[in-house]
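Source file: data.tsv (TSV, C-alpha atoms)
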```tsv
chain	number	residue	atom	x	y	z
A	137	MET	CA	12.00	-8.59	-2.55
A	138	SER	CA	10.01	-9.66	0.51
A	139	GLY	CA	6.32	-8.89	0.49
A	140	THR	CA	3.47	-8.79	2.95
A	141	SER	CA	2.98	-12.55	2.70
A	142	LEU	CA	6.19	-12.92	4.76
A	143	ASP	CA	7.00	-16.21	3.04
A	144	GLY	CA	10.63	-15.45	2.29
A	145	LEU	CA	13.13	-13.44	0.30
A	146	ASP	CA	12.88	-13.47	-3.50
A	147	LEU	CA	16.26	-13.14	-5.24
A	148	ALA	CA	16.46	-12.42	-8.97
A	149	LEU	CA	19.78	-12.25	-10.84
A	150	CYS	CA	19.05	-9.71	-13.55
A	151	LYS	CA	20.99	-8.59	-16.62
A	152	ILE	CA	19.85	-5.09	-17.57
A	153	SER	CA	20.76	-2.77	-20.41
A	154	GLY	CA	19.43	0.68	-21.28
A	155	SER	CA	17.02	2.74	-19.19
A	156	GLY	CA	13.52	4.14	-19.47
A	157	ARG	CA	11.64	2.85	-22.53
A	158	ASP	CA	14.94	1.39	-23.79
A	159	THR	CA	15.27	-0.91	-20.77
A	160	HIS	CA	15.87	-4.59	-21.45
A	161	CYS	CA	15.81	-6.92	-18.45
A	162	GLU	CA	16.52	-10.63	-18.45
A	163	VAL	CA	16.25	-12.75	-15.30
A	164	ILE	CA	19.23	-15.12	-15.44
A	165	ALA	CA	18.41	-16.98	-12.22
A	166	PHE	CA	15.77	-16.83	-9.51
A	167	ASN	CA	15.14	-18.37	-6.11
A	168	THR	CA	12.95	-17.81	-3.10
A	169	VAL	CA	14.66	-18.44	0.23
A	170	ASP	CA	11.95	-19.28	2.75
A	171	TYR	CA	11.87	-17.49	6.08
A	172	ASP	CA	12.03	-19.98	8.93
A	173	TYR	CA	9.68	-19.85	11.90
A	174	GLU	CA	11.96	-17.69	14.04
A	175	VAL	CA	12.39	-15.05	11.32
A	176	LYS	CA	8.65	-14.87	10.71
A	177	LYS	CA	8.05	-14.63	14.46
A	178	LYS	CA	10.44	-11.69	14.78
A	179	ILE	CA	8.78	-9.81	11.91
A	180	LEU	CA	5.27	-10.59	13.15
A	181	ASN	CA	6.12	-8.94	16.47
A	182	VAL	CA	5.93	-5.58	14.66
A	183	PHE	CA	4.09	-6.37	11.40
A	184	ALA	CA	0.97	-4.27	10.73
A	185	LYS	CA	0.67	-3.34	14.42
A	186	THR	CA	-0.10	0.16	15.65
A	187	THR	CA	1.72	-0.40	18.96
A	188	VAL	CA	5.18	-2.01	19.15
A	189	ASP	CA	8.28	-2.07	21.37
A	190	LEU	CA	10.37	0.82	20.00
A	191	GLN	CA	13.67	-0.69	21.12
A	192	TYR	CA	12.79	-3.99	19.43
A	193	LEU	CA	11.85	-2.17	16.22
A	194	THR	CA	15.10	-0.21	16.26
A	195	LEU	CA	17.15	-3.39	16.64
A	196	LEU	CA	15.15	-5.32	14.06
A	197	ASN	CA	16.00	-2.87	11.25
A	198	PRO	CA	19.76	-3.64	11.07
A	199	TRP	CA	19.11	-7.30	11.92
A	200	ILE	CA	16.93	-7.76	8.84
A	201	GLY	CA	19.59	-6.00	6.76
A	202	GLU	CA	22.20	-8.45	8.06
A	203	LEU	CA	19.87	-11.38	7.40
A	204	HIS	CA	19.19	-10.30	3.82
A	205	ALA	CA	22.92	-9.82	3.22
A	206	GLN	CA	23.64	-13.34	4.49
A	207	ILE	CA	20.98	-14.76	2.18
A	208	ILE	CA	22.36	-12.79	-0.79
A	209	ASN	CA	25.95	-13.90	-0.14
A	210	SER	CA	24.87	-17.53	0.16
A	211	GLN	CA	22.73	-17.42	-2.97
A	212	ILE	CA	25.30	-15.82	-5.28
A	213	THR	CA	27.82	-18.43	-4.11
A	214	LYS	CA	25.35	-21.17	-5.05
A	215	TRP	CA	24.88	-19.54	-8.44
A	216	GLY	CA	28.66	-19.50	-8.94
A	217	ILE	CA	28.74	-15.71	-9.11
A	218	SER	CA	31.46	-13.51	-7.62
A	219	PRO	CA	30.35	-10.37	-5.74
A	220	SER	CA	32.61	-8.39	-8.08
A	221	ASP	CA	30.36	-9.49	-10.98
A	222	ILE	CA	27.35	-7.75	-9.41
A	223	ASP	CA	26.98	-4.02	-10.12
A	224	LEU	CA	24.04	-3.30	-7.80
A	225	ILE	CA	21.77	-4.85	-5.23
A	226	ALA	CA	18.18	-3.60	-5.30
A	227	SER	CA	16.64	-4.20	-1.88
A	228	HIS	CA	12.98	-3.51	-1.31
A	229	GLY	CA	13.21	-4.35	2.40
A	230	GLN	CA	10.48	-5.84	4.57
A	231	THR	CA	7.31	-3.76	4.77
A	232	ILE	CA	5.99	-3.70	8.32
A	233	PHE	CA	3.45	-0.89	8.08
A	234	HIS	CA	1.80	1.02	5.25
A	235	SER	CA	-0.38	3.97	6.16
A	236	PRO	CA	-1.68	6.23	3.37
A	237	LYS	CA	-3.59	9.28	4.54
A	238	HIS	CA	-7.01	7.72	3.98
A	239	PHE	CA	-6.13	4.96	6.45
A	240	HIS	CA	-5.05	6.98	9.51
A	241	ASN	CA	-6.76	9.65	11.61
A	242	TYR	CA	-3.87	12.09	12.07
A	243	SER	CA	-4.91	15.21	10.19
A	244	GLU	CA	-1.46	16.81	10.53
A	245	PHE	CA	0.28	13.88	8.79
A	246	ASN	CA	0.29	12.78	5.16
A	247	HIS	CA	1.15	9.36	3.72
A	248	GLY	CA	3.63	7.02	5.40
A	249	THR	CA	5.22	3.62	4.89
A	250	LEU	CA	8.01	1.72	6.63
A	251	GLN	CA	10.31	-1.00	5.29
A	252	LEU	CA	12.97	-2.59	7.49
A	253	GLY	CA	16.34	-3.96	6.35
A	254	ASP	CA	19.00	-1.26	6.44
A	255	GLY	CA	20.75	-0.83	3.08
A	256	ASP	CA	24.09	0.03	4.69
A	257	GLN	CA	24.13	-3.34	6.42
A	258	ILE	CA	23.62	-5.06	3.06
A	259	ALA	CA	26.25	-2.98	1.25
A	260	VAL	CA	28.92	-3.52	3.90
A	261	ALA	CA	28.23	-7.24	4.38
A	262	THR	CA	28.18	-7.99	0.63
A	263	GLY	CA	30.69	-5.44	-0.63
A	264	ILE	CA	28.15	-4.41	-3.30
A	265	ILE	CA	26.55	-0.99	-3.86
A	266	THR	CA	22.98	-1.27	-2.60
A	267	ILE	CA	19.90	0.73	-3.62
A	268	SER	CA	17.11	0.53	-1.05
A	269	ASP	CA	14.18	2.36	0.53
A	270	PHE	CA	12.47	3.00	-2.81
A	271	ARG	CA	9.12	4.14	-1.48
A	272	GLN	CA	10.11	7.27	0.45
A	273	LYS	CA	10.77	9.56	-2.53
A	274	HIS	CA	7.47	8.45	-4.06
A	275	ILE	CA	5.82	9.81	-0.91
A	276	ALA	CA	7.99	12.93	-0.97
A	277	ALA	CA	6.75	13.57	-4.51
A	278	GLY	CA	3.15	13.58	-3.24
A	279	PHE	CA	2.15	9.98	-3.91
A	280	GLU	CA	1.31	7.17	-1.50
A	281	GLY	CA	4.53	5.14	-1.68
A	282	ALA	CA	2.77	2.30	-3.50
A	283	PRO	CA	2.36	0.69	-5.84
A	284	LEU	CA	5.65	1.32	-7.61
A	285	ALA	CA	5.24	-1.37	-10.23
A	286	HIS	CA	4.03	0.91	-13.01
A	287	TYR	CA	7.48	2.27	-13.85
A	288	GLY	CA	9.06	-1.12	-14.49
A	289	ASP	CA	5.83	-2.48	-15.97
A	290	TYR	CA	5.76	0.35	-18.49
A	291	PHE	CA	9.43	0.10	-19.40
A	292	LEU	CA	9.28	-3.67	-19.92
A	293	PHE	CA	5.76	-4.38	-21.20
A	294	PHE	CA	4.67	-1.32	-23.20
A	295	ASN	CA	3.04	-2.52	-26.42
A	296	GLN	CA	1.98	-0.56	-29.51
A	297	GLN	CA	-0.77	-3.01	-30.51
A	298	LYS	CA	-2.15	-4.29	-27.18
A	299	ASN	CA	-3.68	-2.77	-24.09
A	300	THR	CA	-1.90	-4.53	-21.24
A	301	ILE	CA	-2.81	-5.13	-17.60
A	302	LEU	CA	-0.05	-6.42	-15.36
A	303	LEU	CA	-2.06	-8.02	-12.55
A	304	ASN	CA	-0.03	-8.89	-9.47
A	305	ILE	CA	-1.75	-10.99	-6.81
A	306	GLY	CA	0.49	-10.96	-3.77
A	307	GLY	CA	-0.68	-10.28	-0.24
A	308	ILE	CA	-2.47	-7.32	-1.82
A	309	ALA	CA	-3.76	-7.34	-5.41
A	310	ASN	CA	-2.64	-4.50	-7.65
A	311	PHE	CA	-2.51	-3.83	-11.35
A	312	THR	CA	-0.85	-1.62	-13.92
A	313	LEU	CA	-2.91	-0.68	-16.98
A	314	ILE	CA	-0.80	0.34	-19.98
A	315	LYS	CA	-2.94	1.48	-22.88
A	316	LYS	CA	-1.46	0.74	-26.29
A	317	ALA	CA	0.85	3.45	-27.61
A	318	SER	CA	0.23	5.63	-24.53
A	319	PRO	CA	2.84	7.72	-22.63
A	320	ILE	CA	3.79	6.79	-19.07
A	321	GLU	CA	1.74	9.71	-17.73
A	322	GLU	CA	-1.43	7.85	-18.77
A	323	VAL	CA	-0.54	4.61	-16.99
A	324	ILE	CA	-3.00	3.58	-14.28
A	325	CYS	CA	-1.39	1.76	-11.35
A	326	SER	CA	-3.31	0.96	-8.20
A	327	ASP	CA	-3.87	-1.43	-5.36
A	328	LEU	CA	-7.27	-3.08	-5.69
A	329	GLY	CA	-7.86	-4.81	-2.38
A	330	PRO	CA	-6.89	-8.14	-0.85
A	331	GLY	CA	-4.92	-10.61	-2.89
A	332	ASN	CA	-3.90	-13.55	-0.73
A	333	THR	CA	-3.54	-11.85	2.63
A	334	MET	CA	-6.94	-12.61	4.19
A	335	MET	CA	-6.95	-16.17	2.85
A	336	ASP	CA	-3.41	-16.73	4.11
A	337	GLN	CA	-4.21	-15.34	7.55
A	338	PHE	CA	-7.27	-17.56	7.79
A	339	THR	CA	-5.50	-20.76	6.71
A	340	LYS	CA	-2.66	-20.09	9.17
A	341	LYS	CA	-5.09	-19.65	12.06
A	342	TYR	CA	-7.58	-22.42	11.32
A	343	TYR	CA	-5.69	-24.94	9.19
A	344	GLY	CA	-2.08	-24.54	10.32
A	345	GLN	CA	-0.99	-23.89	6.71
A	346	ASP	CA	0.81	-20.86	5.29
A	347	TYR	CA	-1.60	-20.72	2.35
A	348	ASP	CA	-4.39	-22.58	0.58
A	349	LEU	CA	-2.50	-24.69	-1.98
A	350	HIS	CA	-4.11	-24.21	-5.43
A	351	GLY	CA	-7.24	-22.96	-3.61
A	352	GLN	CA	-8.21	-26.50	-2.58
A	353	ILE	CA	-9.88	-25.44	0.69
A	354	ALA	CA	-11.80	-22.67	-1.08
A	355	ALA	CA	-12.91	-25.14	-3.76
A	356	SER	CA	-14.39	-27.41	-1.08
A	357	GLY	CA	-16.72	-24.72	0.29
A	358	GLN	CA	-19.71	-22.69	-0.84
A	359	ILE	CA	-19.77	-18.92	-1.31
A	360	ASN	CA	-21.81	-17.17	1.38
A	361	LYS	CA	-23.60	-14.32	-0.40
A	362	HIS	CA	-24.37	-12.35	2.77
A	363	LEU	CA	-20.75	-12.32	3.89
A	364	LEU	CA	-19.56	-11.60	0.35
A	365	ASP	CA	-21.89	-8.58	0.12
A	366	ALA	CA	-20.54	-7.24	3.41
A	367	LEU	CA	-16.95	-7.62	2.19
A	368	MET	CA	-17.68	-5.99	-1.18
A	369	ASN	CA	-19.25	-3.00	0.59
A	370	ILE	CA	-16.03	-2.08	2.42
A	371	ASP	CA	-15.30	1.60	1.70
A	372	PHE	CA	-11.86	0.98	0.21
A	373	ILE	CA	-13.20	-1.31	-2.53
A	374	ASN	CA	-15.30	1.49	-3.96
A	375	LYS	CA	-12.74	4.30	-3.68
A	376	PRO	CA	-11.49	5.60	-7.01
A	377	MET	CA	-8.07	4.59	-8.29
A	378	PRO	CA	-5.18	5.11	-7.71
A	379	LYS	CA	-5.15	3.98	-4.10
A	380	THR	CA	-3.07	1.84	-1.77
A	381	THR	CA	-3.77	-0.50	1.11
A	382	GLY	CA	-2.30	-3.39	3.07
A	383	PRO	CA	-2.89	-6.02	5.77
A	384	GLU	CA	-3.40	-3.12	8.17
A	385	LEU	CA	-6.94	-3.03	6.71
A	386	PHE	CA	-7.48	-6.43	5.13
A	387	ASN	CA	-7.10	-8.82	8.04
A	388	LEU	CA	-9.07	-11.20	10.25
A	389	GLU	CA	-10.44	-8.33	12.34
A	390	LEU	CA	-12.13	-7.00	9.22
A	391	LEU	CA	-13.41	-10.49	8.45
A	392	GLU	CA	-14.91	-10.82	11.94
A	393	HIS	CA	-16.55	-7.41	11.53
A	394	CYS	CA	-18.12	-8.47	8.23
A	395	ILE	CA	-19.31	-11.77	9.73
A	396	GLU	CA	-20.90	-9.78	12.54
A	397	ILE	CA	-22.74	-7.25	10.38
A	398	SER	CA	-23.88	-9.96	7.94
A	399	GLU	CA	-25.07	-12.12	10.88
A	400	GLN	CA	-23.32	-15.23	9.53
A	401	HIS	CA	-22.04	-16.46	12.89
A	402	ASP	CA	-22.22	-20.19	12.19
A	403	ILE	CA	-20.56	-20.17	8.78
A	404	ASP	CA	-18.31	-23.15	8.04
A	405	ASN	CA	-14.58	-22.44	7.66
A	406	ARG	CA	-14.57	-23.91	4.16
A	407	ASP	CA	-17.37	-21.54	3.17
A	408	ILE	CA	-15.40	-18.62	4.59
A	409	MET	CA	-12.43	-19.60	2.44
A	410	ALA	CA	-14.65	-19.97	-0.63
A	411	THR	CA	-16.09	-16.51	0.06
A	412	LEU	CA	-12.69	-14.88	0.63
A	413	ASN	CA	-11.42	-16.39	-2.63
A	414	GLN	CA	-14.42	-15.03	-4.51
A	415	PHE	CA	-14.02	-11.67	-2.76
A	416	THR	CA	-10.50	-11.31	-4.14
A	417	ALA	CA	-11.64	-12.38	-7.62
A	418	LEU	CA	-14.61	-10.01	-7.77
A	419	THR	CA	-12.56	-7.11	-6.43
A	420	ILE	CA	-10.02	-7.61	-9.23
A	421	VAL	CA	-12.64	-7.93	-11.98
A	422	GLN	CA	-14.64	-4.95	-10.70
A	423	HIS	CA	-11.59	-2.71	-10.95
A	424	ILE	CA	-10.64	-4.02	-14.39
A	425	THR	CA	-14.21	-3.32	-15.56
A	426	THR	CA	-14.16	0.26	-14.25
A	427	THR	CA	-11.24	1.09	-16.57
A	428	GLY	CA	-13.56	0.66	-19.54
A	429	VAL	CA	-10.76	-1.06	-21.49
A	430	LYS	CA	-11.81	-4.33	-23.06
A	431	ASP	CA	-10.74	-4.50	-26.71
A	432	ASP	CA	-7.22	-5.68	-27.59
A	433	LEU	CA	-6.59	-6.32	-23.89
A	434	ARG	CA	-4.20	-8.88	-22.48
A	435	ILE	CA	-3.90	-9.58	-18.74
A	436	LEU	CA	-0.61	-10.97	-17.46
A	437	VAL	CA	-0.83	-12.42	-13.95
A	438	SER	CA	2.02	-12.64	-11.44
A	439	GLY	CA	2.45	-13.17	-7.70
A	440	GLY	CA	1.54	-16.07	-5.47
A	441	GLY	CA	-2.09	-15.83	-6.52
A	442	ALA	CA	-1.10	-16.92	-10.02
A	443	HIS	CA	-0.69	-20.43	-8.54
A	444	ASN	CA	-4.16	-20.43	-6.95
A	445	THR	CA	-6.15	-22.39	-9.50
A	446	LYS	CA	-9.49	-21.69	-7.84
A	447	LEU	CA	-8.81	-17.96	-7.73
A	448	LEU	CA	-7.93	-17.80	-11.43
A	449	ASP	CA	-11.06	-19.83	-12.26
A	450	ASN	CA	-13.17	-17.39	-10.24
A	451	ILE	CA	-11.60	-14.41	-12.04
A	452	LYS	CA	-12.27	-15.95	-15.45
A	453	GLN	CA	-15.87	-16.80	-14.52
A	454	ALA	CA	-16.47	-13.31	-13.14
A	455	CYS	CA	-15.45	-11.76	-16.47
A	456	ASN	CA	-17.46	-14.35	-18.42
A	457	GLY	CA	-14.37	-15.59	-20.22
A	458	ASP	CA	-14.24	-12.37	-22.25
A	459	LEU	CA	-10.68	-11.43	-21.32
A	460	GLU	CA	-7.32	-12.86	-22.39
A	461	ILE	CA	-5.69	-13.95	-19.11
A	462	ASP	CA	-2.23	-15.53	-19.06
A	463	ILE	CA	0.36	-16.23	-16.40
A	464	LEU	CA	3.38	-14.00	-16.99
A	465	ASP	CA	6.45	-15.60	-18.59
A	466	PHE	CA	8.86	-13.32	-20.49
A	467	ASN	CA	12.69	-13.23	-20.52
A	468	GLY	CA	12.78	-15.17	-17.26
A	469	ILE	CA	10.38	-12.67	-15.71
A	470	ASN	CA	7.54	-14.85	-14.51
A	471	ALA	CA	4.81	-14.99	-11.90
A	472	ASP	CA	7.34	-15.48	-9.10
A	473	SER	CA	10.30	-13.35	-10.20
A	474	LYS	CA	8.47	-10.28	-11.51
A	475	GLU	CA	8.41	-8.11	-8.39
A	476	ALA	CA	12.09	-8.67	-7.63
A	477	ALA	CA	12.95	-7.91	-11.27
A	478	LEU	CA	10.93	-4.69	-11.18
A	479	PHE	CA	12.95	-3.38	-8.24
A	480	ALA	CA	16.15	-4.27	-10.12
A	481	VAL	CA	14.79	-2.05	-12.91
A	482	LEU	CA	14.16	0.77	-10.40
A	483	ALA	CA	17.73	0.47	-9.12
A	484	ASN	CA	18.97	0.67	-12.71
A	485	GLU	CA	16.85	3.79	-13.21
A	486	CYS	CA	18.26	5.36	-10.05
A	487	ILE	CA	21.80	5.05	-11.43
A	488	CYS	CA	21.38	5.22	-15.22
A	489	SER	CA	18.28	7.24	-16.10
A	490	LYS	CA	18.49	10.69	-17.69
A	491	LYS	CA	16.71	13.41	-15.72
A	492	GLU	CA	16.06	15.46	-18.85
A	493	GLU	CA	14.07	12.50	-20.20
A	494	GLY	CA	11.93	12.25	-17.08
A	495	GLY	CA	14.15	9.63	-15.45
A	496	LEU	CA	13.44	8.18	-12.03
A	497	THR	CA	15.64	8.52	-8.98
A	498	LEU	CA	13.73	6.41	-6.47
A	499	GLY	CA	15.89	4.73	-3.86
A	500	LYS	CA	18.82	5.55	-1.57
A	501	ILE	CA	22.39	4.60	-2.35
A	502	SER	CA	24.49	2.72	0.22
A	503	LEU	CA	28.18	2.24	-0.50
A	504	PRO	CA	30.31	-0.61	0.85
A	505	LEU	CA	33.32	0.21	3.02
```

Could you write out this structure as structure tokens?
Amino acid sequence: MSGTSLDGLDLALCKISGSGRDTHCEVIAFNTVDYDYEVKKKILNVFAKTTVDLQYLTLLNPWIGELHAQIINSQITKWGISPSDIDLIASHGQTIFHSPKHFHNYSEFNHGTLQLGDGDQIAVATGIITISDFRQKHIAAGFEGAPLAHYGDYFLFFNQQKNTILLNIGGIANFTLIKKASPIEEVICSDLGPGNTMMDQFTKKYYGQDYDLHGQIAASGQINKHLLDALMNIDFINKPMPKTTGPELFNLELLEHCIEISEQHDIDNRDIMATLNQFTALTIVQHITTTGVKDDLRILVSGGGAHNTKLLDNIKQACNGDLEIDILDFNGINADSKEAALFAVLANECICSKKEEGGLTLGKISLPL
């Protein structure tokens, strides 16, 4: 799994049995292999841009597949695992553009999303059957291609006694609400707004850091109410769920627009970071509140934002300490490994699920030579 934060490739070694509600997944090993500067530079040449060099984009797709295969081969060797011991690779690919219908102005087109990293390249280079390109059938079925987390979340975290929210704070924040003893058809899964993406973009530009470690920069500033109000009034924040978004919307151009309309031209960078941190927190709490679910509710947090101490403090303060909020840690599935594990579950569903039981067949199958 590689997300919109572009920090690297998450690799989870998963042992899975069963399918659907009978799925059991254990993460045996996990590692994140950081992208170096040159890899990030190549991806950023096309990432979240409406105009790109088509030849470059065409060449980048197999190149990322080759890169991911090299990383996989190296990692399983370090883990002491033979490729013959691996049944499937689940490859999410690298998202470079996500464009649901509400985001674009082409009336003749519906939803669209694009992930690079050709599955055939991975299958041939590793010798392992590869399931990839999970989001396209979700779109073909009439949905927006994201988020996909609710299938794996439901299979792994359904609970008869507790209402459960799986809150993932990656580049974008999203959650899955599983009401106790409810069928999968009643699961609510939606993007909420920015997770880390605007904070990360700002720290990269003005502080030369990939992210704000533990929210230290944000903690050193003061929240600017005028800017915060402008951010909270963005149309997407108040759209009903389910919905999807990405850095195509939540970026520094949007921040500059909100600074302009709120007339906060001389705001200190630390105050901007404090405000962006609070913006993410309030967006998350606002959406949790709109569900109306409060009793017997547990919130399990994953993603890079789970390590942002200031962000978690802001979330807890915004809900007045009324909610049970814990960092995810279950069967080796934790804040860092969860997304990779969920795509392993989707690959398992693609191969093992029973259609007559409503099984999923997301993903495309690439065979080795």

Top pick for closest residue to Asp371 (chain A), considering A:His238, A:Gly278, A:Ile397, A:Leu147 and counting all atoms listed in the file
A:His238

Need the shell around region 461-472 of chain A: protein/DNA/RNA residues with any atom at most 6 Å away, counting only C-alpha atoms. Skip same-chain ones fewer than 5 positions apart. Format as JSON, numbers by chain?
{"A": [162, 163, 435, 436, 437, 438, 439]}

With distances taken over only C-alpha atoms, which residue among A:Ile200, A:Val421, A:Ile264, A:Ala226 lies nearest Phe311 (chain A)?
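Checking each candidate against Phe311 (chain A), we get A:Val421 as the closest.
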
Measuring between all atoms listed in the file, which one of A:Phe293, A:Tyr173, A:Tyr192, A:Tyr242 shows the shortest distance to Lys474 (chain A)?
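For Lys474 (chain A), the nearest of the given residues is A:Phe293.
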
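The space between CA of Thr262 (chain A) and CA of Pro198 (chain A) spans 14.1 Å.
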
How many Å separate CA of Ser473 (chain A) from CA of Lys298 (chain A)?
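About the pair CA of Ser473 (chain A) and CA of Lys298 (chain A): they are 22.9 Å apart.
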
For Gln211 (chain A), which of A:Asn167, A:Asn299, A:Thr339, A:Thr194 is the closest residue, counting all atoms listed in the file?
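Of the candidates, the smallest distance to Gln211 (chain A) is held by A:Asn167.
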
If we count all atoms listed in the file and set the cut-off at 10 Å, which residues sit around Asn181 (chain A), ignoring sequence neighbours fewer than 6 positions away in its own chain? Please answer as a VMD selection string.
chain A and resid 187 to 189 192 to 193 232

With distances taken over only C-alpha atoms, which residue among A:Ala477, A:Ile208, A:Ile267, A:Met335 lies nearest Thr497 (chain A)?
A:Ile267

Of the candidates A:Ala476, A:Ile164, A:Ala483, A:Leu418, which one gets nearest to Gln453 (chain A) if we count all atoms listed in the file?
A:Leu418

Around region 408-420 of chain A, fit a box with edges along x, y and z, padding it by 4 Å on each side, then list its centre and edge lengths in Å to one decimal as lines of an AutoDock Vina configuration file.
```
center_x = -13.1
center_y = -13.5
center_z = -2.3
size_x = 14.1
size_y = 20.9
size_z = 21.8
```

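When CA of Val260 (chain A) is paired with CA of Ile212 (chain A), their separation reads 15.8 Å.
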
List every protein, DNA or RNA residue with an atom no more than 9 Å from (-14.1, -24.6, 7.8) in the file's coordinates, counting only C-alpha atoms, and format the result as number ranges by chain.
A: 342-343, 353, 357, 403-409

Long-range neighbours of Cys161 (chain A) as a PyMOL selection string, 10 Å cut-off, all atoms listed in the file, 5 positions minimum in chain:
chain A and resi 150-155+288+291-292+466-469+477-478+480-481
